[in-house]
Structures are given as structure tokens and as C-alpha cells.
file protein34.csv (CSV, C-alpha atoms and all ligand atoms)
chain,number,residue,atom,x,y,z
E,1,MET,CA,0.3,-20.7,-14.9
E,2,THR,CA,-1.1,-20.4,-11.4
E,3,SER,CA,-3.2,-17.3,-10.8
E,4,ILE,CA,-4.1,-15.5,-7.6
E,5,VAL,CA,-7.2,-16.8,-5.9
E,6,ARG,CA,-10.1,-14.4,-6.2
E,7,LEU,CA,-12.8,-14.6,-3.5
E,8,ASP,CA,-16.1,-12.7,-3.5
E,9,ALA,CA,-16.6,-10.4,-0.5
E,10,ARG,CA,-20.4,-11.2,-0.6
E,11,ALA,CA,-19.7,-14.9,0.3
E,12,LEU,CA,-16.4,-14.6,2.2
E,13,ASP,CA,-15.2,-17.5,4.2
E,14,LYS,CA,-12.4,-16.3,6.4
E,15,ASP,CA,-10.9,-19.7,6.9
E,16,GLU,CA,-10.6,-20.1,3.1
E,17,LEU,CA,-9.1,-16.6,3.0
E,18,LYS,CA,-6.5,-17.6,5.5
E,19,GLN,CA,-5.7,-20.9,3.7
E,20,HIS,CA,-5.0,-19.0,0.4
E,21,PHE,CA,-3.1,-16.2,2.1
E,22,ASN,CA,-0.8,-18.8,3.7
E,23,ALA,CA,-0.4,-21.0,0.7
E,24,GLN,CA,0.0,-18.3,-2.0
E,25,GLY,CA,1.2,-15.4,0.1
E,26,CYS,CA,-1.6,-13.4,-1.4
E,27,VAL,CA,-5.4,-13.4,-2.0
E,28,ILE,CA,-7.8,-11.1,-3.8
E,29,VAL,CA,-11.2,-10.3,-2.4
E,30,GLU,CA,-13.4,-8.8,-5.0
E,31,LYS,CA,-16.1,-6.1,-4.3
E,32,PHE,CA,-14.8,-5.7,-0.8
E,33,PHE,CA,-15.0,-1.9,-0.2
E,34,PRO,CA,-18.5,-0.3,-0.6
E,35,GLN,CA,-18.9,2.6,-3.0
E,36,SER,CA,-19.3,5.0,0.0
E,37,VAL,CA,-15.8,4.1,1.3
E,38,LEU,CA,-14.3,4.6,-2.2
E,39,GLU,CA,-16.1,7.9,-2.8
E,40,SER,CA,-15.1,9.2,0.6
E,41,ALA,CA,-11.4,8.4,-0.1
E,42,CYS,CA,-11.5,9.9,-3.7
E,43,ASN,CA,-13.2,13.1,-2.5
E,44,GLU,CA,-10.3,13.6,0.0
E,45,LEU,CA,-7.7,13.0,-2.6
E,46,GLU,CA,-9.5,15.4,-4.9
E,47,ALA,CA,-9.2,17.9,-2.1
E,48,LEU,CA,-5.5,17.2,-1.8
E,49,VAL,CA,-5.1,17.7,-5.6
E,50,ASP,CA,-7.0,21.0,-5.2
E,51,LEU,CA,-4.4,22.2,-2.7
E,52,LYS,CA,-1.6,21.1,-5.0
E,53,ALA,CA,-3.3,22.9,-7.9
E,54,GLU,CA,-3.7,26.2,-6.0
E,55,GLN,CA,-0.1,26.1,-4.9
E,56,LEU,CA,1.1,25.5,-8.5
E,57,LEU,CA,-1.0,28.4,-9.7
E,58,GLU,CA,0.3,30.6,-6.9
E,59,ASP,CA,3.9,29.7,-7.7
E,60,GLY,CA,3.3,30.4,-11.4
E,61,HIS,CA,3.9,26.9,-12.6
E,62,VAL,CA,0.4,26.6,-14.2
E,63,ASN,CA,-2.0,29.1,-15.7
E,64,GLU,CA,-5.1,27.3,-14.4
E,65,THR,CA,-6.1,24.6,-11.9
E,66,TYR,CA,-7.8,22.2,-14.3
E,67,LYS,CA,-10.7,21.8,-11.9
E,68,ASP,CA,-12.8,20.2,-14.6
E,69,VAL,CA,-10.3,17.5,-15.6
E,70,PRO,CA,-11.4,14.1,-14.1
E,71,PHE,CA,-9.7,12.6,-11.1
E,72,GLU,CA,-7.8,10.0,-13.1
E,73,LYS,CA,-6.2,12.7,-15.3
E,74,ARG,CA,-6.0,15.9,-13.3
E,75,ILE,CA,-2.8,15.5,-11.3
E,76,TYR,CA,-1.1,14.3,-14.5
E,77,ARG,CA,-2.3,17.4,-16.4
E,78,LEU,CA,-1.2,19.7,-13.5
E,79,TYR,CA,2.4,18.3,-13.6
E,80,ALA,CA,2.7,17.8,-17.3
E,81,GLY,CA,5.8,18.9,-19.2
E,82,LYS,CA,8.3,20.9,-17.2
E,83,ASN,CA,6.6,20.3,-13.9
E,84,GLN,CA,6.6,16.5,-14.2
E,85,HIS,CA,9.8,16.0,-12.0
E,86,ALA,CA,7.9,17.7,-9.1
E,87,ALA,CA,4.8,15.5,-9.3
E,88,PRO,CA,4.3,13.7,-5.9
E,89,LYS,CA,5.2,10.0,-6.1
E,90,LEU,CA,3.1,9.3,-3.0
E,91,PHE,CA,1.1,10.8,-0.2
E,92,ARG,CA,1.6,9.8,3.4
E,93,ALA,CA,1.5,12.6,6.0
E,94,GLU,CA,-1.3,14.2,4.0
E,95,LEU,CA,-3.6,11.1,4.6
E,96,HIS,CA,-4.8,12.3,8.0
E,97,ARG,CA,-8.0,13.5,6.6
E,98,GLU,CA,-11.5,12.5,7.8
E,99,GLY,CA,-12.5,10.9,4.5
E,100,LEU,CA,-9.8,8.3,4.6
E,101,TYR,CA,-10.8,7.0,8.0
E,102,PRO,CA,-13.5,4.7,6.6
E,103,LEU,CA,-10.9,3.0,4.3
E,104,PHE,CA,-8.1,2.5,6.9
E,105,PHE,CA,-10.5,1.5,9.7
E,106,HIS,CA,-13.1,-0.5,7.6
E,107,GLN,CA,-14.4,-3.0,10.2
E,108,PRO,CA,-14.8,-5.9,7.7
E,109,LEU,CA,-11.2,-5.5,6.7
E,110,LEU,CA,-10.1,-5.5,10.4
E,111,ASP,CA,-12.1,-8.6,10.9
E,112,CYS,CA,-10.2,-10.3,8.1
E,113,VAL,CA,-6.8,-9.2,9.4
E,114,GLU,CA,-7.8,-10.3,12.9
E,115,HIS,CA,-8.6,-13.7,11.5
E,116,LEU,CA,-5.3,-13.9,9.5
E,117,LEU,CA,-3.1,-12.7,12.4
E,118,GLY,CA,-5.0,-14.5,15.2
E,119,THR,CA,-5.2,-11.4,17.4
E,120,CYS,CA,-7.4,-8.4,17.9
E,121,GLU,CA,-4.5,-6.2,19.0
E,122,LEU,CA,-4.1,-4.5,15.6
E,123,ARG,CA,-2.2,-1.4,14.6
E,124,LEU,CA,-2.2,0.4,11.4
E,125,TYR,CA,1.5,0.2,10.5
E,126,PRO,CA,3.0,3.7,10.1
E,127,ASN,CA,3.5,3.7,6.3
E,128,TYR,CA,0.1,4.1,4.8
E,129,THR,CA,0.5,5.4,1.3
E,130,VAL,CA,-1.5,6.7,-1.6
E,131,ARG,CA,0.2,6.5,-5.0
E,132,PRO,CA,-0.8,8.6,-8.0
E,133,LYS,CA,1.3,6.6,-10.5
E,134,LEU,CA,1.8,8.9,-13.5
E,135,PRO,CA,2.0,7.7,-17.1
E,136,ARG,CA,5.4,7.1,-18.6
E,137,ASP,CA,7.4,8.3,-15.5
E,138,ALA,CA,10.1,5.9,-14.4
E,139,ARG,CA,10.1,7.4,-10.9
E,140,HIS,CA,6.8,5.8,-10.3
E,141,GLU,CA,7.9,2.3,-11.0
E,142,VAL,CA,8.6,0.2,-7.9
E,143,LEU,CA,11.4,-2.4,-8.2
E,144,TRP,CA,11.1,-6.1,-7.2
E,145,HIS,CA,11.1,-6.2,-3.4
E,146,GLN,CA,9.7,-7.8,-0.2
E,147,ASP,CA,8.3,-5.2,2.1
E,148,ALA,CA,10.2,-6.8,4.9
E,149,GLY,CA,13.4,-5.9,3.0
E,150,TYR,CA,12.7,-2.2,3.6
E,151,THR,CA,11.7,-2.9,7.2
E,152,GLN,CA,15.0,-4.7,7.9
E,153,SER,CA,17.1,-2.1,6.2
E,154,THR,CA,18.9,0.3,8.6
E,155,ALA,CA,19.5,2.7,5.7
E,156,TRP,CA,15.7,2.9,5.2
E,157,HIS,CA,13.9,2.2,8.5
E,158,ALA,CA,15.2,-0.2,11.0
E,159,PRO,CA,16.6,1.5,14.1
E,160,ARG,CA,19.1,-1.4,14.7
E,161,GLU,CA,20.5,-4.5,13.0
E,162,VAL,CA,17.7,-7.1,12.7
E,163,SER,CA,18.5,-10.8,12.2
E,164,ASN,CA,16.8,-12.7,9.4
E,165,ASP,CA,15.0,-14.8,12.0
E,166,GLU,CA,13.6,-11.7,13.7
E,167,ILE,CA,12.5,-10.0,10.5
E,168,GLU,CA,10.7,-13.2,9.3
E,169,GLN,CA,8.9,-13.3,12.7
E,170,ILE,CA,7.9,-9.7,12.3
E,171,ALA,CA,6.9,-10.3,8.7
E,172,ARG,CA,4.5,-12.9,10.0
E,173,SER,CA,3.0,-10.4,12.4
E,174,MET,CA,1.8,-8.3,9.4
E,175,VAL,CA,-0.7,-8.2,6.6
E,176,ASN,CA,-0.3,-5.9,3.5
E,177,VAL,CA,-3.3,-4.4,1.9
E,178,TRP,CA,-3.4,-2.8,-1.6
E,179,THR,CA,-6.5,-1.4,-3.3
E,180,PRO,CA,-7.0,0.7,-6.4
E,181,LEU,CA,-9.1,3.8,-6.8
E,182,VAL,CA,-9.2,3.5,-10.6
E,183,PRO,CA,-9.1,0.1,-12.4
E,184,ALA,CA,-5.5,-1.3,-12.0
E,185,THR,CA,-4.5,-2.9,-15.3
E,186,THR,CA,-1.4,-4.3,-17.0
E,187,GLU,CA,-1.4,-1.1,-19.1
E,188,ASN,CA,-1.6,1.4,-16.3
E,189,GLY,CA,1.0,-0.2,-14.0
E,190,CYS,CA,-0.6,-2.7,-11.7
E,191,MET,CA,1.6,-4.7,-9.4
E,192,GLN,CA,3.2,-8.0,-10.2
E,193,PHE,CA,3.5,-10.9,-7.7
E,194,VAL,CA,5.5,-14.1,-7.6
E,195,ILE,CA,3.0,-16.4,-6.1
E,196,GLY,CA,4.4,-18.5,-3.3
E,197,SER,CA,7.6,-16.5,-3.0
E,198,HIS,CA,6.8,-15.6,0.7
E,199,LYS,CA,8.1,-19.1,1.4
E,200,LEU,CA,11.6,-18.3,0.2
E,201,GLY,CA,12.4,-16.3,3.4
E,202,ILE,CA,13.9,-12.9,3.6
E,203,GLN,CA,16.2,-12.0,0.7
E,204,ARG,CA,19.2,-9.6,0.5
E,205,HIS,CA,18.1,-6.3,-1.0
E,206,VAL,CA,20.4,-4.0,-2.9
E,207,ASP,CA,20.0,-0.3,-2.8
E,208,LYS,CA,19.4,1.0,-6.3
E,209,GLY,CA,20.2,4.6,-5.5
E,210,ASP,CA,19.6,5.8,-9.0
E,211,LYS,CA,16.0,4.4,-8.8
E,212,ASN,CA,15.5,5.5,-5.2
E,213,TYR,CA,14.4,2.0,-4.3
E,214,LEU,CA,15.7,-1.3,-2.9
E,215,GLU,CA,15.7,-4.4,-5.2
E,216,ILE,CA,16.0,-8.1,-4.4
E,217,ASP,CA,19.4,-9.4,-5.1
E,218,ASP,CA,19.8,-10.3,-8.8
E,219,ALA,CA,20.5,-14.0,-8.3
E,220,ALA,CA,17.6,-14.6,-5.9
E,221,LEU,CA,15.2,-12.7,-8.1
E,222,GLU,CA,16.3,-14.5,-11.3
E,223,SER,CA,16.0,-17.9,-9.7
E,224,ALA,CA,12.5,-17.1,-8.3
E,225,LEU,CA,11.3,-15.7,-11.7
E,226,ALA,CA,12.8,-18.7,-13.6
E,227,LYS,CA,10.7,-21.1,-11.4
E,228,THR,CA,7.5,-19.1,-11.2
E,229,ALA,CA,6.3,-16.5,-13.8
E,230,PRO,CA,5.1,-13.3,-12.2
E,231,VAL,CA,1.4,-12.5,-12.4
E,232,ASN,CA,-0.2,-9.2,-13.0
E,233,VAL,CA,-2.5,-8.1,-10.2
E,234,GLU,CA,-5.3,-6.5,-12.1
E,235,LEU,CA,-8.1,-5.2,-9.8
E,236,LYS,CA,-11.2,-3.0,-10.0
E,237,PRO,CA,-12.0,-0.2,-7.5
E,238,GLY,CA,-13.5,-1.9,-4.5
E,239,ASP,CA,-11.3,-5.0,-4.9
E,240,VAL,CA,-8.6,-5.6,-2.4
E,241,VAL,CA,-5.5,-7.8,-2.4
E,242,LEU,CA,-4.0,-9.0,0.9
E,243,PHE,CA,-0.4,-10.1,0.7
E,244,HIS,CA,2.5,-11.3,2.8
E,245,GLN,CA,5.4,-9.1,3.9
E,246,LEU,CA,7.8,-11.6,2.3
E,247,LEU,CA,6.1,-11.9,-1.0
E,248,PHE,CA,8.2,-10.8,-4.0
E,249,HIS,CA,6.4,-8.0,-5.8
E,250,CYS,CA,6.9,-4.9,-7.9
E,251,GLY,CA,4.9,-2.0,-9.3
E,252,THR,CA,5.1,-1.9,-13.1
E,253,ALA,CA,5.3,1.1,-15.5
E,254,ASN,CA,2.2,3.1,-16.4
E,255,GLU,CA,1.9,3.0,-20.2
E,256,SER,CA,-1.7,4.4,-20.2
E,257,ASP,CA,-2.9,8.0,-20.6
E,258,HIS,CA,-4.2,8.3,-17.0
E,259,VAL,CA,-3.1,8.1,-13.4
E,260,ARG,CA,-3.2,4.8,-11.6
E,261,TRP,CA,-4.4,5.9,-8.1
E,262,SER,CA,-4.0,3.3,-5.4
E,263,VAL,CA,-3.7,2.9,-1.7
E,264,ASP,CA,-1.3,0.5,0.1
E,265,PHE,CA,-1.2,0.0,3.8
E,266,ARG,CA,-0.4,-2.6,6.4
E,267,TYR,CA,-1.7,-3.9,9.7
E,268,GLN,CA,0.4,-5.5,12.4
E,269,ASN,CA,-0.1,-7.5,15.5
E,270,ALA,CA,0.6,-4.7,18.0
E,271,ASP,CA,2.5,-7.0,20.3
E,272,PHE,CA,5.4,-6.8,17.8
E,273,PRO,CA,7.7,-3.9,17.2
E,274,THR,CA,7.3,-1.7,14.1
E,275,LEU,CA,11.1,-1.5,13.7
E,276,ARG,CA,10.5,2.2,12.9
E,277,GLN,CA,10.7,5.3,15.0
E,278,GLU,CA,6.9,5.6,14.8
E,279,PRO,CA,4.6,3.4,16.8
E,280,GLY,CA,1.7,3.4,14.3
E,281,HIS,CA,-1.9,3.9,15.3
E,282,MET,CA,-4.0,1.3,17.1
E,283,ALA,CA,-6.9,0.2,14.9
E,284,ARG,CA,-8.5,-2.3,17.2
E,285,SER,CA,-7.7,-3.6,20.7
E,286,ALA,CA,-9.5,-5.8,23.2
E,287,LYS,CA,-6.9,-5.1,25.9
E,288,LYS,CA,-7.2,-1.3,25.7
E,289,PRO,CA,-10.2,-0.4,23.5
E,290,ALA,CA,-9.7,3.3,24.1
E,291,SER,CA,-6.2,3.1,22.5
E,292,ALA,CA,-7.8,2.5,19.0
E,293,VAL,CA,-8.5,5.5,16.8
E,294,ALA,CA,-12.2,6.1,17.5
E,295,ASN,CA,-13.5,8.2,14.6
E,296,ALA,CA,-12.7,10.2,11.5
E,297,ARG,CA,-12.2,13.4,13.4
E,298,GLN,CA,-9.6,11.8,15.7
E,299,TRP,CA,-7.8,10.3,12.7
E,300,ALA,CA,-7.6,13.8,11.1
E,301,GLU,CA,-6.0,15.2,14.3
E,302,LEU,CA,-3.3,12.6,14.5
E,303,GLU,CA,0.0,12.6,12.6
E,304,LEU,CA,1.8,10.2,10.3
E,305,GLY,CA,2.8,7.1,12.2
E,306,GLY,CA,1.9,8.3,15.7
E,307,PRO,CA,2.4,8.8,18.5
E,308,ASN,CA,-1.2,7.9,19.3
E,309,PRO,CA,-2.0,10.3,22.1
E,310,ARG,CA,-4.6,8.2,23.9
E,401,LIG,O1,1.7,0.3,-6.1
E,401,LIG,C1,2.7,-0.1,-6.7
E,401,LIG,O2,2.9,-0.1,-7.9
E,401,LIG,C2,3.7,-0.8,-5.8
E,401,LIG,C3,3.3,-0.9,-4.4
E,401,LIG,C4,4.2,-1.7,-3.5
E,401,LIG,O3,5.2,-2.1,-3.8
E,401,LIG,C5,3.7,-2.0,-2.1
E,401,LIG,O4,2.6,-1.7,-1.8
E,401,LIG,O5,4.5,-2.5,-1.4
call {"tool": "encode", "arguments": {"input": "protein34.csv", "output": "C-alpha cells"}}
result
Amino acid sequence: MTSIVRLDARALDKDELKQHFNAQGCVIVEKFFPQSVLESACNELEALVDLKAEQLLEDGHVNETYKDVPFEKRIYRLYAGKNQHAAPKLFRAELHREGLYPLFFHQPLLDCVEHLLGTCELRLYPNYTVRPKLPRDARHEVLWHQDAGYTQSTAWHAPREVSNDEIEQIARSMVNVWTPLVPATTENGCMQFVIGSHKLGIQRHVDKGDKNYLEIDDAALESALAKTAPVNVELKPGDVVLFHQLLFHCGTANESDHVRWSVDFRYQNADFPTLRQEPGHMARSAKKPASAVANARQWAELELGGPNPR
């Protein structure tokens, strides 16, 4: 079985990165984010969990805030039992906090994306997400999809009908990034990829209303899985996987006793439309350097997806 190529950030050759990204539709870079970036992100998410805990206490849903329970278990503990249905599946608007700036605007990451997309006009696409994937909770499983399937769907995001040619062009203007904040394993619900499936083009997606997600049409999915067995994307904190908007992927069930915390976000060549109401935030620009988010404080003052006021 083919596996995803793993490169080491300490000896990263960006041409090699690009070659694997284009050939496989995905590539892992190990030891990419420094500890300081991870700690900064985790501290902010701890602070978010603190807020949730205080609210649950105030509303009488818990008797204590479980302050001493470790990061990878606390949110699960807070929402255990009768509160589980109310546990957040993801955080988005809440991510405008200073401690997340170093992750979303990590310069070596922007260098890689610039190399992959061939432009330094880069926006952070307006759907940056942190997922606290809870154990044994089907709501946190993500069905097989291509991200471009959501982008194209007028029921989800697209403000107008978008042809397959156009969506594939827009898909090529983007790079997806996924990184774990605790080890992502087969047991705790890592993602699965069908390597090379980005070459199959955009697929029809079916709304699985009961699951609250889209899923690739059965026939297309079965045919792809019959040809290429999916691989588990196991990663350690600090590792990053870059993948194509057209790659078939899913987020599996968490069968462990702890929360699988992860961050997924995307960058886009800013010369292309987001196909969302929101314009996103500029991460880097040679044409208009002042349009890029300049620092953590500015990031914290902005809102989900823009508009970028400068
Ligand atoms: O984190 C997961 O389990 C799924 C994430 C995903 O589907 C995505 O980032 O597009």
C-alpha cells in the first residue's frame, strides 16, 4: 500500500514538497511547528475551555470546572453524560485570540504555501477551525468529502452556481493544512486520505442531513476506495499535513478515552474568489503589504472571515 510521503522540516526541500503535493495530493512535514507555537495555541484553547466551564457552572450544568483535568480530557469531562449533546464540535469565530496568530501566520508555513501556489498574494481562507473531537460521539465524525464539495455547494457556502471547471480551478488556488494538538492516531480519530484522489476531479456530494455533513456520492466513493485503500493520517503535535482541496478524506471516530484536538485551515491565492460571503484575511502580500494581518493584537481584533479593515 502506498503511504503518504513524510518530509522532515529540518531538511525541507520545497521543490520536493511540491512534487509530492502534486503527485499524491498530500504531503506530511514532520516537526514543522516549534513548541512555542503549539504552546501558545494550546494556552488559548485552554482559556476557551475555561470560559465554557465557567458558563456551564453558572448555568448549573456542572458542579465544578475541572480546572485540574488535563487539556486532552477536560472538555470531555465537562460535557460528559447529559451535557454531551451540547459539546462544541468545532471553534471558528472564537479563534480570533492572540495566541493563535503564531500558528495561522507562521512564516515558514506561508513560505511553503507560497511555493506550492506560486504566488505571495495569500489569504487565510475564512473557515479556520479547531476541532475537539470527543470520544465515542458520532457527531464528531466527518464523512468522506472533498473540501471543494462544500465550497461548491450553494446549500452550504457558494453564493451562486459554480461549474465543475470553475470549482476545480478554485481548488487549485488553495492549500489545506491540518495539524494536531495531541497525537492524532487511528484510535482517537485521525483523518483518512485516498492518496491520489485529487486527480479524479470534483465529485457530486450528497447532503447527509442526519449526519449534518456532505458525503461523496456512493458510486464514486466505492470506486475510488476499491482502487486505492485509504490511509490513516497519524501525526504528532508539531507535524503538519498539507493536502489538496480535491483530495478524498474523512475524519474517523474517536475510540479513545481522550479528546483529539486539531486545527484545520486553508490558504488561497488571493486573486481567486473565496466563493463565500466572507473575503478571508490577507496573510501575505507583495502588492499591498499593509493588507496582511500584521500582528497578534490585530488578529484578535478581527472577526471570523473578514472583512479585513485595512
Ligand atoms: O479533523 C477531522 O477529523 C476532519 C477534518 C476535515 O475533514 C478537514 O479538515 O477538511
call {"tool": "residues_near_ligand", "arguments": {"input": "protein34.csv", "ligand": "ligand LIG 401 (chain E)", "cutoff": "9 Å", "atoms": "only C-alpha atoms and all ligand atoms", "output": "MDAnalysis selection string"}}
result
chainID E and resid 129:133 140:147 176:180 189:192 245 249:253 260:266
call {"tool": "atom_distance", "arguments": {"input": "protein34.csv", "atom1": "CA of Gly305 (chain E)", "atom2": "CA of Arg92 (chain E)"}}
result
9.3 Å
call {"tool": "residues_around", "arguments": {"input": "protein34.csv", "residues": "Ser153 (chain E)", "least_positions_apart": "3", "cutoff": "10 Å", "atoms": "all atoms listed in the file", "output": "list in words"}}
result
Ala148, Gly149, Tyr150, Trp156, His157, Ala158, Pro159, Arg160, Glu161, Val162, Arg204, His205, Val206, Asp207, Leu214 and Leu275 of chain E
call {"tool": "closest_atom_pairs", "arguments": {"input": "protein34.csv", "of": "region 40-128 of chain E", "to": "region 1-22 of chain E", "cutoff": "10 Å", "atoms": "only C-alpha atoms", "output": "CSV"}}
result
residue,atom,partner,partner_atom,distance
E:Pro108,CA,E:Ala9,CA,9.5
E:Asp111,CA,E:Lys14,CA,8.9
E:Cys112,CA,E:Lys14,CA,6.6
E:Val113,CA,E:Lys18,CA,9.3
E:Glu114,CA,E:Lys14,CA,10.0
E:His115,CA,E:Lys14,CA,6.9
E:Leu116,CA,E:Lys18,CA,5.6
E:Leu117,CA,E:Lys18,CA,9.1
call {"tool": "axis_aligned_box", "arguments": {"input": "protein34.csv", "around": "region 267-271 of chain E", "padding_each_side": "4 Å", "output": "JSON"}}
result
{"center_x": 0.4, "center_y": -5.7, "center_z": 15.0, "size_x": 12.2, "size_y": 11.6, "size_z": 18.6}
call {"tool": "closest_residue", "arguments": {"input": "protein34.csv", "among": "E:Glu98, E:Phe91, E:Gly238, E:Asp50", "to": "Pro183 (chain E)", "atoms": "all atoms listed in the file"}}
result
E:Gly238
call {"tool": "atom_distance", "arguments": {"input": "protein34.csv", "atom1": "CA of Pro289 (chain E)", "atom2": "CA of Tyr101 (chain E)"}}
result
17.2 Å
call {"tool": "residues_around", "arguments": {"input": "protein34.csv", "residues": "Gly99 (chain E)", "least_positions_apart": "4", "cutoff": "10 Å", "atoms": "only C-alpha atoms", "output": "number ranges by chain"}}
result
E: 37-45, 95, 103-104, 296-297, 299-300
call {"tool": "write_last_selection", "arguments": {"input": "protein34.csv", "atoms": "C-alpha atoms", "output": "PDB file, keeping the file's coordinate frame"}}
result
ATOM      1  CA  VAL E  37     -15.800   4.100   1.300  1.00  0.00           C
ATOM      2  CA  LEU E  38     -14.300   4.600  -2.200  1.00  0.00           C
ATOM      3  CA  GLU E  39     -16.100   7.900  -2.800  1.00  0.00           C
ATOM      4  CA  SER E  40     -15.100   9.200   0.600  1.00  0.00           C
ATOM      5  CA  ALA E  41     -11.400   8.400  -0.100  1.00  0.00           C
ATOM      6  CA  CYS E  42     -11.500   9.900  -3.700  1.00  0.00           C
ATOM      7  CA  ASN E  43     -13.200  13.100  -2.500  1.00  0.00           C
ATOM      8  CA  GLU E  44     -10.300  13.600   0.000  1.00  0.00           C
ATOM      9  CA  LEU E  45      -7.700  13.000  -2.600  1.00  0.00           C
ATOM     10  CA  LEU E  95      -3.600  11.100   4.600  1.00  0.00           C
ATOM     11  CA  LEU E 103     -10.900   3.000   4.300  1.00  0.00           C
ATOM     12  CA  PHE E 104      -8.100   2.500   6.900  1.00  0.00           C
ATOM     13  CA  ALA E 296     -12.700  10.200  11.500  1.00  0.00           C
ATOM     14  CA  ARG E 297     -12.200  13.400  13.400  1.00  0.00           C
ATOM     15  CA  TRP E 299      -7.800  10.300  12.700  1.00  0.00           C
ATOM     16  CA  ALA E 300      -7.600  13.800  11.100  1.00  0.00           C
TER      17      ALA E 300
END
call {"tool": "residues_around", "arguments": {"input": "protein34.csv", "residues": "Ser173 (chain E)", "least_positions_apart": "4", "cutoff": "10 Å", "atoms": "all atoms listed in the file", "output": "list of chain:residue names"}}
result
E:Leu116, E:Leu117, E:Gly118, E:Thr119, E:Leu122, E:Ile167, E:Glu168, E:Gln169, E:His244, E:Gln245, E:Tyr267, E:Gln268, E:Asn269, E:Ala270, E:Asp271, E:Phe272, E:Pro273, E:Thr274
call {"tool": "residues_around", "arguments": {"input": "protein34.csv", "residues": "Asn63 (chain E)", "least_positions_apart": "6", "cutoff": "10 Å", "atoms": "all atoms listed in the file", "output": "number ranges by chain"}}
result
E: 56-57, 78
call {"tool": "residues_around", "arguments": {"input": "protein34.csv", "residues": "Leu302 (chain E)", "least_positions_apart": "2", "cutoff": "12 Å", "atoms": "only C-alpha atoms", "output": "mmCIF file with C-alpha atoms, in the frame of the given file"}}
result
data_model
loop_
_atom_site.group_PDB
_atom_site.id
_atom_site.type_symbol
_atom_site.label_atom_id
_atom_site.label_comp_id
_atom_site.auth_asym_id
_atom_site.auth_seq_id
_atom_site.Cartn_x
_atom_site.Cartn_y
_atom_site.Cartn_z
ATOM 1 C CA ALA E 93 1.500 12.600 6.000
ATOM 2 C CA GLU E 94 -1.300 14.200 4.000
ATOM 3 C CA LEU E 95 -3.600 11.100 4.600
ATOM 4 C CA HIS E 96 -4.800 12.300 8.000
ATOM 5 C CA ARG E 97 -8.000 13.500 6.600
ATOM 6 C CA GLU E 98 -11.500 12.500 7.800
ATOM 7 C CA TYR E 101 -10.800 7.000 8.000
ATOM 8 C CA PRO E 126 3.000 3.700 10.100
ATOM 9 C CA GLY E 280 1.700 3.400 14.300
ATOM 10 C CA HIS E 281 -1.900 3.900 15.300
ATOM 11 C CA MET E 282 -4.000 1.300 17.100
ATOM 12 C CA ALA E 292 -7.800 2.500 19.000
ATOM 13 C CA VAL E 293 -8.500 5.500 16.800
ATOM 14 C CA ALA E 294 -12.200 6.100 17.500
ATOM 15 C CA ASN E 295 -13.500 8.200 14.600
ATOM 16 C CA ALA E 296 -12.700 10.200 11.500
ATOM 17 C CA ARG E 297 -12.200 13.400 13.400
ATOM 18 C CA GLN E 298 -9.600 11.800 15.700
ATOM 19 C CA TRP E 299 -7.800 10.300 12.700
ATOM 20 C CA ALA E 300 -7.600 13.800 11.100
ATOM 21 C CA LEU E 304 1.800 10.200 10.300
ATOM 22 C CA GLY E 305 2.800 7.100 12.200
ATOM 23 C CA GLY E 306 1.900 8.300 15.700
ATOM 24 C CA PRO E 307 2.400 8.800 18.500
ATOM 25 C CA ASN E 308 -1.200 7.900 19.300
ATOM 26 C CA PRO E 309 -2.000 10.300 22.100
ATOM 27 C CA ARG E 310 -4.600 8.200 23.900
#
call {"tool": "decode", "arguments": {"input": "protein34.csv", "residues": "region 141-168 of chain E", "atoms": "C-alpha atoms", "output": "CSV table (one decimal), in the first residue's frame"}}
result
chain,number,residue,atom,x,y,z
E,141,GLU,CA,-17.1,12.0,12.7
E,142,VAL,CA,-16.6,13.7,9.3
E,143,LEU,CA,-17.9,11.9,6.3
E,144,TRP,CA,-15.9,11.3,3.1
E,145,HIS,CA,-15.7,14.5,1.2
E,146,GLN,CA,-13.6,16.9,-0.9
E,147,ASP,CA,-13.4,20.3,0.7
E,148,ALA,CA,-14.2,21.7,-2.7
E,149,GLY,CA,-17.5,19.9,-2.5
E,150,TYR,CA,-18.5,22.2,0.4
E,151,THR,CA,-17.1,25.2,-1.4
E,152,GLN,CA,-19.2,24.4,-4.5
E,153,SER,CA,-22.5,23.7,-2.6
E,154,THR,CA,-25.0,26.6,-2.7
E,155,ALA,CA,-26.7,24.9,0.3
E,156,TRP,CA,-23.5,25.3,2.3
E,157,HIS,CA,-21.4,28.2,1.1
E,158,ALA,CA,-21.3,29.1,-2.6
E,159,PRO,CA,-23.2,32.3,-3.3
E,160,ARG,CA,-24.1,31.2,-6.9
E,161,GLU,CA,-24.0,28.1,-9.1
E,162,VAL,CA,-20.3,27.2,-9.8
E,163,SER,CA,-19.4,25.0,-12.8
E,164,ASN,CA,-17.1,22.0,-12.2
E,165,ASP,CA,-14.4,23.7,-14.3
E,166,GLU,CA,-14.5,26.8,-12.1
E,167,ILE,CA,-14.5,24.8,-8.8
E,168,GLU,CA,-11.5,22.8,-9.9
